$ cat protein22.txt   # compact mmCIF, C-alpha atoms
# COMPACT_ATOMS: atom_id res chain seq x y z
CA MET A 1 -45.83 77.45 -20.56
CA THR A 2 -46.93 77.69 -24.18
CA LYS A 3 -44.67 77.65 -27.20
CA LYS A 4 -45.35 81.38 -27.64
CA ASP A 5 -44.28 82.01 -24.03
CA PHE A 6 -41.14 79.97 -24.66
CA VAL A 7 -40.23 82.12 -27.68
CA GLU A 8 -40.88 85.33 -25.76
CA PHE A 9 -38.81 84.09 -22.81
CA TRP A 10 -35.81 83.29 -25.02
CA VAL A 11 -36.01 86.52 -27.00
CA LYS A 12 -36.07 88.48 -23.74
CA GLN A 13 -33.29 86.30 -22.25
CA LEU A 14 -30.97 86.81 -25.22
CA THR A 15 -31.63 90.51 -25.76
CA SER A 16 -31.29 91.39 -22.07
CA GLY A 17 -27.92 89.61 -21.94
CA GLY A 18 -26.70 91.59 -24.94
CA ILE A 19 -26.40 89.91 -28.30
CA LYS A 20 -22.94 90.02 -29.81
CA LYS A 21 -22.73 91.94 -33.07
CA PHE A 22 -20.92 90.64 -36.11
CA PRO A 23 -18.23 91.50 -37.01
CA ASP A 24 -17.35 93.98 -34.23
CA ASP A 25 -17.49 91.55 -31.31
CA PHE A 26 -15.50 88.86 -33.14
CA LEU A 27 -12.64 90.82 -34.73
CA GLU A 28 -10.34 90.65 -31.69
CA ASN A 29 -7.28 92.69 -32.66
CA SER A 30 -7.60 92.33 -36.43
CA GLU A 31 -6.72 95.40 -38.43
CA THR A 32 -9.74 96.42 -40.50
CA ALA A 33 -10.71 98.63 -43.39
CA LEU A 34 -14.21 99.88 -44.13
CA LYS A 35 -16.02 98.45 -47.16
CA GLU A 36 -19.17 99.92 -48.58
CA ILE A 37 -22.10 97.58 -49.07
CA PRO A 38 -25.81 98.19 -49.61
CA ALA A 39 -27.72 98.58 -46.35
CA LYS A 40 -29.66 95.43 -47.25
CA THR A 41 -29.63 91.80 -46.26
CA LEU A 42 -27.06 89.89 -48.29
CA ILE A 43 -27.07 86.20 -49.16
CA PRO A 44 -24.46 83.87 -50.66
CA GLY A 45 -24.90 83.44 -54.38
CA SER A 46 -23.48 81.03 -56.90
CA GLU A 47 -19.92 79.83 -57.17
CA LEU A 48 -18.31 81.06 -60.37
CA PHE A 49 -14.80 80.00 -61.34
CA GLY A 50 -13.70 79.47 -57.75
CA THR A 51 -15.24 82.65 -56.33
CA TYR A 52 -18.59 83.11 -54.62
CA GLU A 53 -21.06 85.82 -55.45
CA VAL A 54 -22.57 87.80 -52.61
CA ILE A 55 -25.96 89.17 -53.62
CA THR A 56 -28.85 91.16 -52.21
CA THR A 57 -32.20 89.47 -51.81
CA ASP A 58 -33.23 91.26 -55.06
CA GLY A 59 -30.40 89.45 -56.90
CA GLU A 60 -28.00 92.41 -57.25
CA VAL A 61 -24.37 91.24 -57.11
CA VAL A 62 -22.52 93.12 -54.36
CA ALA A 63 -19.18 91.33 -54.18
CA HIS A 64 -17.17 88.34 -55.33
CA ALA A 65 -15.66 86.49 -52.39
CA GLU A 66 -12.50 84.41 -52.73
CA ASN A 67 -14.00 81.58 -50.65
CA TYR A 68 -17.19 80.58 -48.85
CA SER A 69 -15.96 81.92 -45.49
CA GLU A 70 -15.51 85.36 -47.02
CA ALA A 71 -19.00 85.17 -48.57
CA LYS A 72 -20.46 84.27 -45.18
CA TYR A 73 -18.54 87.19 -43.62
CA TYR A 74 -20.39 89.60 -45.92
CA VAL A 75 -23.72 87.90 -45.19
CA TYR A 76 -23.29 87.94 -41.41
CA ALA A 77 -22.05 91.55 -41.42
CA SER A 78 -25.04 92.66 -43.51
CA GLN A 79 -27.49 91.69 -40.75
CA GLN A 80 -26.86 95.08 -39.14
CA ARG A 81 -27.99 96.75 -42.40
CA MET A 82 -25.26 99.35 -42.29
CA PRO A 83 -23.82 100.96 -45.45
CA GLU A 84 -20.27 100.03 -44.37
CA ILE A 85 -18.72 96.98 -42.74
CA LYS A 86 -15.39 96.46 -41.04
CA PHE A 87 -13.42 94.03 -43.16
CA PRO A 88 -10.15 92.44 -42.02
CA VAL A 89 -7.11 93.66 -43.93
CA ASP A 90 -5.60 90.19 -43.51
CA LYS A 91 -8.05 87.92 -45.33
CA ASN A 92 -6.50 84.90 -43.61
CA ALA A 93 -8.28 86.02 -40.42
CA ILE A 94 -11.72 85.72 -41.99
CA PRO A 95 -12.23 81.94 -41.52
CA ARG A 96 -11.29 82.23 -37.83
CA ILE A 97 -13.65 85.19 -37.28
CA VAL A 98 -16.52 83.45 -39.09
CA LYS A 99 -15.91 80.23 -37.14
CA LYS A 100 -16.03 82.09 -33.79
CA TYR A 101 -19.34 83.69 -34.78
CA GLU A 102 -20.79 80.38 -35.91
CA GLN A 103 -19.74 78.73 -32.64
CA TYR A 104 -21.49 81.55 -30.78
CA ILE A 105 -24.70 80.99 -32.80
CA ASP A 106 -24.41 77.19 -32.43
CA ASN A 107 -24.17 77.57 -28.64
CA ILE A 108 -27.34 79.66 -28.62
CA ILE A 109 -29.10 77.09 -30.82
CA ASN A 110 -28.02 74.23 -28.53
CA GLU A 111 -29.17 76.04 -25.38
CA ILE A 112 -32.58 76.81 -26.86
CA SER A 113 -33.01 73.26 -28.19
CA LYS A 114 -32.07 71.65 -24.86
CA ASP A 115 -34.42 73.95 -22.96
CA PHE A 116 -37.25 73.24 -25.42
CA LYS A 117 -36.80 69.46 -25.00
CA LYS A 118 -36.75 69.87 -21.23
CA LYS A 119 -39.86 72.06 -21.07
CA PHE A 120 -41.81 70.24 -23.80
CA PRO A 121 -40.69 66.59 -23.58
CA ASP A 122 -43.89 65.19 -25.11
CA ILE A 123 -44.06 67.50 -28.11
CA LYS A 124 -42.77 65.93 -31.34
CA GLU A 125 -42.49 69.17 -33.30
CA THR A 126 -39.19 70.94 -33.81
CA SER A 127 -37.94 73.60 -31.46
CA PRO A 128 -38.67 77.23 -32.43
CA VAL A 129 -34.96 78.07 -32.79
CA SER A 130 -35.25 79.59 -36.26
CA GLU A 131 -38.19 81.76 -35.17
CA ILE A 132 -36.18 83.07 -32.19
CA LEU A 133 -33.08 83.74 -34.29
CA LYS A 134 -35.16 85.61 -36.86
CA ILE A 135 -36.73 87.82 -34.18
CA ILE A 136 -33.33 88.77 -32.74
CA ASN A 137 -31.83 89.17 -36.22
CA LEU A 138 -29.23 86.40 -36.12
CA VAL A 139 -28.48 84.15 -39.06
CA ARG A 140 -26.43 80.99 -39.55
CA TYR A 141 -25.30 79.55 -42.92
$ encode --input "protein22.txt" --output "structure tokens"
Amino acid sequence: MTKKDFVEFWVKQLTSGGIKKFPDDFLENSETALKEIPAKTLIPGSELFGTYEVITTDGEVVAHAENYSEAKYYVYASQQRMPEIKFPVDKNAIPRIVKKYEQYIDNIINEISKDFKKKFPDIKETSPVSEILKIINLVRY
């Protein structure tokens, strides 16, 4: 098996099993409201006076988040590139929702890394986790 085959195997494995979508698959029973955002990839920006900017990759400020978990919520939700996102009415639920998503991504990362070490024990290079996550449109901050 080559590294390219390994990447293809994991992309197929993850997509055939159904990749969970953020935020929909992590909201549980949280009451939500729709928020409009640009249908672009968002990234966390600078911290200003205790709030975090959420910006597009072009540098356009989209929102000011009250904390880093809220900023990450916007970023993770933007991966679907939809003009609206479901946003919890109770902002206290955001850290829990973000944490569940990050645990989901961390589990995927750990599985891929373990499998890479098992299949390529003599290779000193890093596992292609980031390449696989990019292909399947998952991000972790």
$ axis_aligned_box --input "protein22.txt" --around "region 94-106 of chain A" --padding-each-side "8 Å" --output "AutoDock Vina command-line options"
--center_x -18.0 --center_y 81.5 --center_z -36.4 --size_x 29.4 --size_y 24.5 --size_z 27.2
$ atom_distance --input "protein22.txt" --atom1 "CA of Gly50 (chain A)" --atom2 "CA of Val75 (chain A)"
18.1 Å
$ closest_residue --input "protein22.txt" --among "A:Val139, A:Ile123, A:Ala33, A:Ile105" --to "Ala77 (chain A)" --atoms "only C-alpha atoms"
A:Val139
$ residues_near_point --input "protein22.txt" --point "(-6.4, 90.0, -38.3)" --cutoff "6 Å" --atoms "all atoms listed in the file" --output "list in words"
Ser30, Glu31, Pro88, Asp90 and Ala93 of chain A
$ residues_around --input "protein22.txt" --residues "Met82 (chain A)" --least-positions-apart "4" --cutoff "8 Å" --atoms "all atoms listed in the file" --output "number ranges by chain"
A: 37-40, 78
$ residues_around --input "protein22.txt" --residues "Glu53 (chain A)" --least-positions-apart "6" --cutoff "12 Å" --atoms "all atoms listed in the file" --output "list of chain:residue names"
A:Leu42, A:Ile43, A:Pro44, A:Gly45, A:Ser46, A:Glu47, A:Gly59, A:Glu60, A:Val61, A:Val62, A:Ala63, A:His64, A:Ala65, A:Glu66, A:Asn67, A:Tyr68, A:Ser69, A:Glu70, A:Ala71, A:Lys72, A:Tyr74, A:Val75
$ closest_residue --input "protein22.txt" --among "A:Glu84, A:Tyr104, A:Lys91, A:Ser113" --to "Glu125 (chain A)" --atoms "all atoms listed in the file"
A:Ser113
$ atom_distance --input "protein22.txt" --atom1 "CA of Asp5 (chain A)" --atom2 "CA of Asp115 (chain A)"
12.8 Å
$ residues_around --input "protein22.txt" --residues "Phe116 (chain A)" --least-positions-apart "2" --cutoff "9 Å" --atoms "all atoms listed in the file" --output "VMD selection string"
chain A and resid 3 6 111 to 114 118 to 121 126 to 128
$ closest_residue --input "protein22.txt" --among "A:Lys20, A:Lys124, A:Lys4, A:Arg81" --to "Thr41 (chain A)" --atoms "all atoms listed in the file"
A:Arg81
$ atom_distance --input "protein22.txt" --atom1 "CA of Thr15 (chain A)" --atom2 "CA of Glu131 (chain A)"
14.4 Å
$ closest_residue --input "protein22.txt" --among "A:Lys86, A:Ile19, A:Ile55, A:Asp25" --to "Leu138 (chain A)" --atoms "only C-alpha atoms"
A:Ile19
$ residues_around --input "protein22.txt" --residues "Lys100 (chain A)" --least-positions-apart "2" --cutoff "12 Å" --atoms "only C-alpha atoms" --output "short mmCIF file (atom, residue, chain, number, x, y, z; two decimals) with C-alpha atoms, keeping the file's coordinate frame"
data_model
loop_
_atom_site.label_atom_id
_atom_site.label_comp_id
_atom_site.auth_asym_id
_atom_site.auth_seq_id
_atom_site.Cartn_x
_atom_site.Cartn_y
_atom_site.Cartn_z
CA LYS A 20 -22.94 90.02 -29.81
CA LYS A 21 -22.73 91.94 -33.07
CA PHE A 22 -20.92 90.64 -36.11
CA PRO A 23 -18.23 91.50 -37.01
CA ASP A 24 -17.35 93.98 -34.23
CA ASP A 25 -17.49 91.55 -31.31
CA PHE A 26 -15.50 88.86 -33.14
CA LEU A 27 -12.64 90.82 -34.73
CA GLU A 28 -10.34 90.65 -31.69
CA SER A 69 -15.96 81.92 -45.49
CA TYR A 73 -18.54 87.19 -43.62
CA ALA A 93 -8.28 86.02 -40.42
CA ILE A 94 -11.72 85.72 -41.99
CA PRO A 95 -12.23 81.94 -41.52
CA ARG A 96 -11.29 82.23 -37.83
CA ILE A 97 -13.65 85.19 -37.28
CA VAL A 98 -16.52 83.45 -39.09
CA GLU A 102 -20.79 80.38 -35.91
CA GLN A 103 -19.74 78.73 -32.64
CA TYR A 104 -21.49 81.55 -30.78
CA ILE A 105 -24.70 80.99 -32.80
CA ASP A 106 -24.41 77.19 -32.43
CA ASN A 107 -24.17 77.57 -28.64
CA ARG A 140 -26.43 80.99 -39.55
#
